[in-house]
Amino acid sequence: MLTLALIGLIGGLVTGISPCILPVLPVIFFSGGTQSARTTGVALATKAPSRARPYLVIAGLVVSFSLVTLFGSLLLSVLNLPQDVLRWAGIAVLLLIGVGLIVPRFEQLLEKPFTWIPQRNPDAGRGGFTLGLALGAVYVPCAGPVLAAITVAGSTGRIGTETVVLTLTFAVGAAIPLLIFALAGRRVAERVQSFRKRQRGIRITAGVVMIALAAGLVFNLPQLLQRVIPDYTSSLQDRVNNSEQVRKALNLGGLVNDQNKDLDRCSDGATELESCGTAPDITGIQQWFNTEGDQAIDLKSLRGKVVMLDFWAYSCINCQRSLPHVTAWDKAYRDAGLQIIGVHSPEYAFEKEPGNVRSAAQNFGITYPVALDNNLGTWTNYRNRYWPAHYLIDAQGTVRHIKFGEGDYQVTEKLIRQLLNDAKQGVRLPPATELADDTPVVADITRETYLGSTKRVNFAGTETYTSGEKSFQFPENQGTDTFALAGAWTLTSQNITPTSGSGQIRLNYRAKEVRMVLSGSGTVTYDLNGETKTIQVDGTPNSYRLLATPEIRAGVTTVTVGPGVQAFSFTFG
């Protein structure tokens with residue numbers, strides 16, 4: 001329990017200093033230095049603001065965020081209300097408080113229903129807790145494994161002591177930096193005489209800031225701000241989120257609940273069917289397609305059929321190699337009772353765009369239902385952490401087989417056929433698909449190489465590889481299975497792009513196929529057997545082939561990325 005509490009607190013602290021909190025900082029700052037309307041008259045014009053107000057604001061935020069995160073989704077589902085009702089309610093309260101700060105009589109009307117509450121000092125910190133409650137309903141911290149685990153527990157309604165501890169410690173950790181800003185606002189109000197004398201002007205400014213935040217939330221402007229500002233905590237978040245202690249405590253990225261606790265009974269890639277409990281729900285899906293009317297699918301409605309859940313991401317080279325087998329199984333066995341559902345769980349932000357996923361699915365020949373799991377709700381509910389991952393579910397709704405990663409396609413198909421025979425005695429099955437297994441031997445090829453600062457692997461340079469604008473030069477010696485940069489580059493958590501002019505990437509690889517995930521508009525050139533090859537890049541992120549050879553071989557190539565092109569990763573086959 002102590003370990004879980006520490007993980008929640010540290011995860012919250014890292015989130016609390018990330019760019020995700022920037023939109024609410026002005027409101028938090030002013031909240032510590034404003035007085036109630038009843039303390040801003042002439043006689044009390046120089047009175048310092050309540051010392052309790054910053055704490056009340058943050059306490060309200062912690063309570064509201066914890067309750068909304070844990071119970072909001074479940075409560076709204078029970079009441080049959082839209083999932084964004086609480087967010088809109090929080091925005092409305094922010095708007096009302098902002099107007100109240102500007103128009104004192106309006107604030108007094110808002111406070112009137114609460115005058116029955118006994119208070120030792122009726123004017124101390126008035127409205128602070130209410131403001132915190134509103135902020136907690138609209139506060140959206142950056143996602144990570146801790147928050148994902150909390151969200152999954154809340155969405156399934158299986159909330160235990162450990163989940164509550166994790167939620168509260170996460171909320172407290174995220175609120176500590178906000179409390180510092182609120183205290184700073186109060187400090188300024190206490191120490192700066194002109195601040196106290198101009199409380200009326202300060203209240204109006206604070207009201208305008210709160211109204212601006214409410215309007216910005218309506219139009220999703222905070223998300224735009226977060227995209228513009230570099231993620232200065234990316235390396236720290238990466239170290240925390242990917243630590244073995246966090247993974248172990250959160251059980252592969254998601255809390256164990258009553259729905260998924262029996263998945264441990266399945267071993268990865270077993271050659272015979274196992275029994276691993278009732279299949280967890282498909283939850284937190286943003287959108288469906290390839291279904292009738294693009295309606296959602298409930299696993300319970302598929303009883304009597306054999307179901308395979310395929311967790312994939314369209315730019316993942318491992319998924320691209322497995323998809324021909326999945327689409328072949330769909331074509332061969334759909335009429336015999338197999339229902340495949342592709343759960344698209346994005347690696348990159350661009351993979352969350354429904355249009356991109358739909359286009360990719362068409363290109364891969366996917367005609368079975370696809371669920372967009374943009375917030376990784378189903379991913380964590382199945383305690384998954386691999387692309388691709390296959391879960392076989394029998395006609396009674398029990399998980400019977402789990403396979404992480406590529407390969408063993410003959411085993412998976414054998415088990416599909418066995419489940420179909422069990423579901424319907426005497427069913428006539430077509431011959432096995434018998435597609436060639438092109439899964440490379442991992443030890444013989446370079447691992448997938450991400451170029452973004454948070455996922456960076458295999459970097460051979462001596463420079464610090466963090467977000468921002470940096471200059472690089474090739475090292476004198478570069479090892480196998482590595483890359484290095486030369487020139488001026490702008491690094492983000494997702495990709496890299498030349499800062500001005502072109503930039504170079506030198507890749508030392510082992511593979512028979514090398515591809516790059518690129519987006520933007522421009523050219524990429526590289527050398528191949530003494531010849532210069534050019535790739536025209538135009539549009540959303542896509543995978544481009546650099547080279548292919550009959551056998552796995554070692555090689556070195558220098559890639560020149562032109563201006564306007566974003567490079568995400570190298571993938572190898």
# chains A, B, ... in the order shown; residues from 1 in each chain; ligands from 1

$ select_by_dssp --residues "region 248-461 of chain A" --states "helix (DSSP H, G or I)" --output "MDAnalysis selection string"
chainID A and resid 248:249 261:265 292:294 299:302 317:333 349:352 354:363 377:381 409:423 442:444

$ atom_distance --atom1 "CA of Gly452 (chain A)" --atom2 "CA of Thr464 (chain A)"
12.9 Å

$ closest_atom_pairs --of "region 383-416 of chain A" --to "region 304-307 of chain A" --cutoff "12 Å" --atoms "only C-alpha atoms" --output "tab-separated table"
residue	atom	partner	partner_atom	distance
A:His390	CA	A:Val307	CA	10.2
A:Tyr391	CA	A:Val307	CA	8.1
A:Leu392	CA	A:Val307	CA	5.9
A:Ile393	CA	A:Val307	CA	5.0
A:Asp394	CA	A:Val306	CA	4.9
A:Ala395	CA	A:Gly304	CA	4.3
A:Gln396	CA	A:Gly304	CA	6.4
A:Gly397	CA	A:Val306	CA	8.2
A:Thr398	CA	A:Val306	CA	9.7
A:Val399	CA	A:Val307	CA	9.1
A:Arg400	CA	A:Val306	CA	10.2
A:His401	CA	A:Val307	CA	10.9
A:Leu415	CA	A:Val306	CA	10.6
A:Ile416	CA	A:Val306	CA	7.7

$ residues_around --residues "Lys533 (chain A)" --least-positions-apart "6" --cutoff "10 Å" --atoms "only C-alpha atoms" --output "list in words"
Val524, Thr525, Tyr526, Asp527, Leu546, Leu547 and Val559 of chain A

$ write_last_selection --atoms "N, CA, C and O atoms" --output "compact mmCIF listing (two decimals), in the first residue's frame"
# COMPACT_ATOMS: atom_id res chain seq x y z
N VAL A 524 12.97 13.64 -48.41
CA VAL A 524 13.95 12.90 -47.63
C VAL A 524 14.84 12.16 -48.61
O VAL A 524 14.34 11.43 -49.48
N THR A 525 16.14 12.35 -48.51
CA THR A 525 17.08 11.66 -49.39
C THR A 525 17.99 10.76 -48.56
O THR A 525 18.23 11.03 -47.37
N TYR A 526 18.47 9.69 -49.19
CA TYR A 526 19.36 8.75 -48.50
C TYR A 526 20.20 8.03 -49.54
O TYR A 526 19.84 7.97 -50.73
N ASP A 527 21.32 7.49 -49.08
CA ASP A 527 22.20 6.78 -49.99
C ASP A 527 21.91 5.29 -49.94
O ASP A 527 21.68 4.73 -48.88
N LEU A 546 12.60 2.56 -47.03
CA LEU A 546 13.90 3.06 -47.49
C LEU A 546 14.61 2.00 -48.33
O LEU A 546 15.16 2.32 -49.38
N LEU A 547 14.60 0.78 -47.85
CA LEU A 547 15.34 -0.26 -48.58
C LEU A 547 14.81 -1.63 -48.21
O LEU A 547 14.18 -1.82 -47.16
N VAL A 559 20.58 9.50 -43.84
CA VAL A 559 19.30 10.05 -44.30
C VAL A 559 19.32 11.56 -44.10
O VAL A 559 19.62 12.04 -43.01

$ select_by_dssp --residues "region 239-478 of chain A" --states "strand (DSSP E)" --output "ChimeraX atom specification"
/A:287-289,306-312,338-344,370-372,389-393,399-404,449-450,468-472
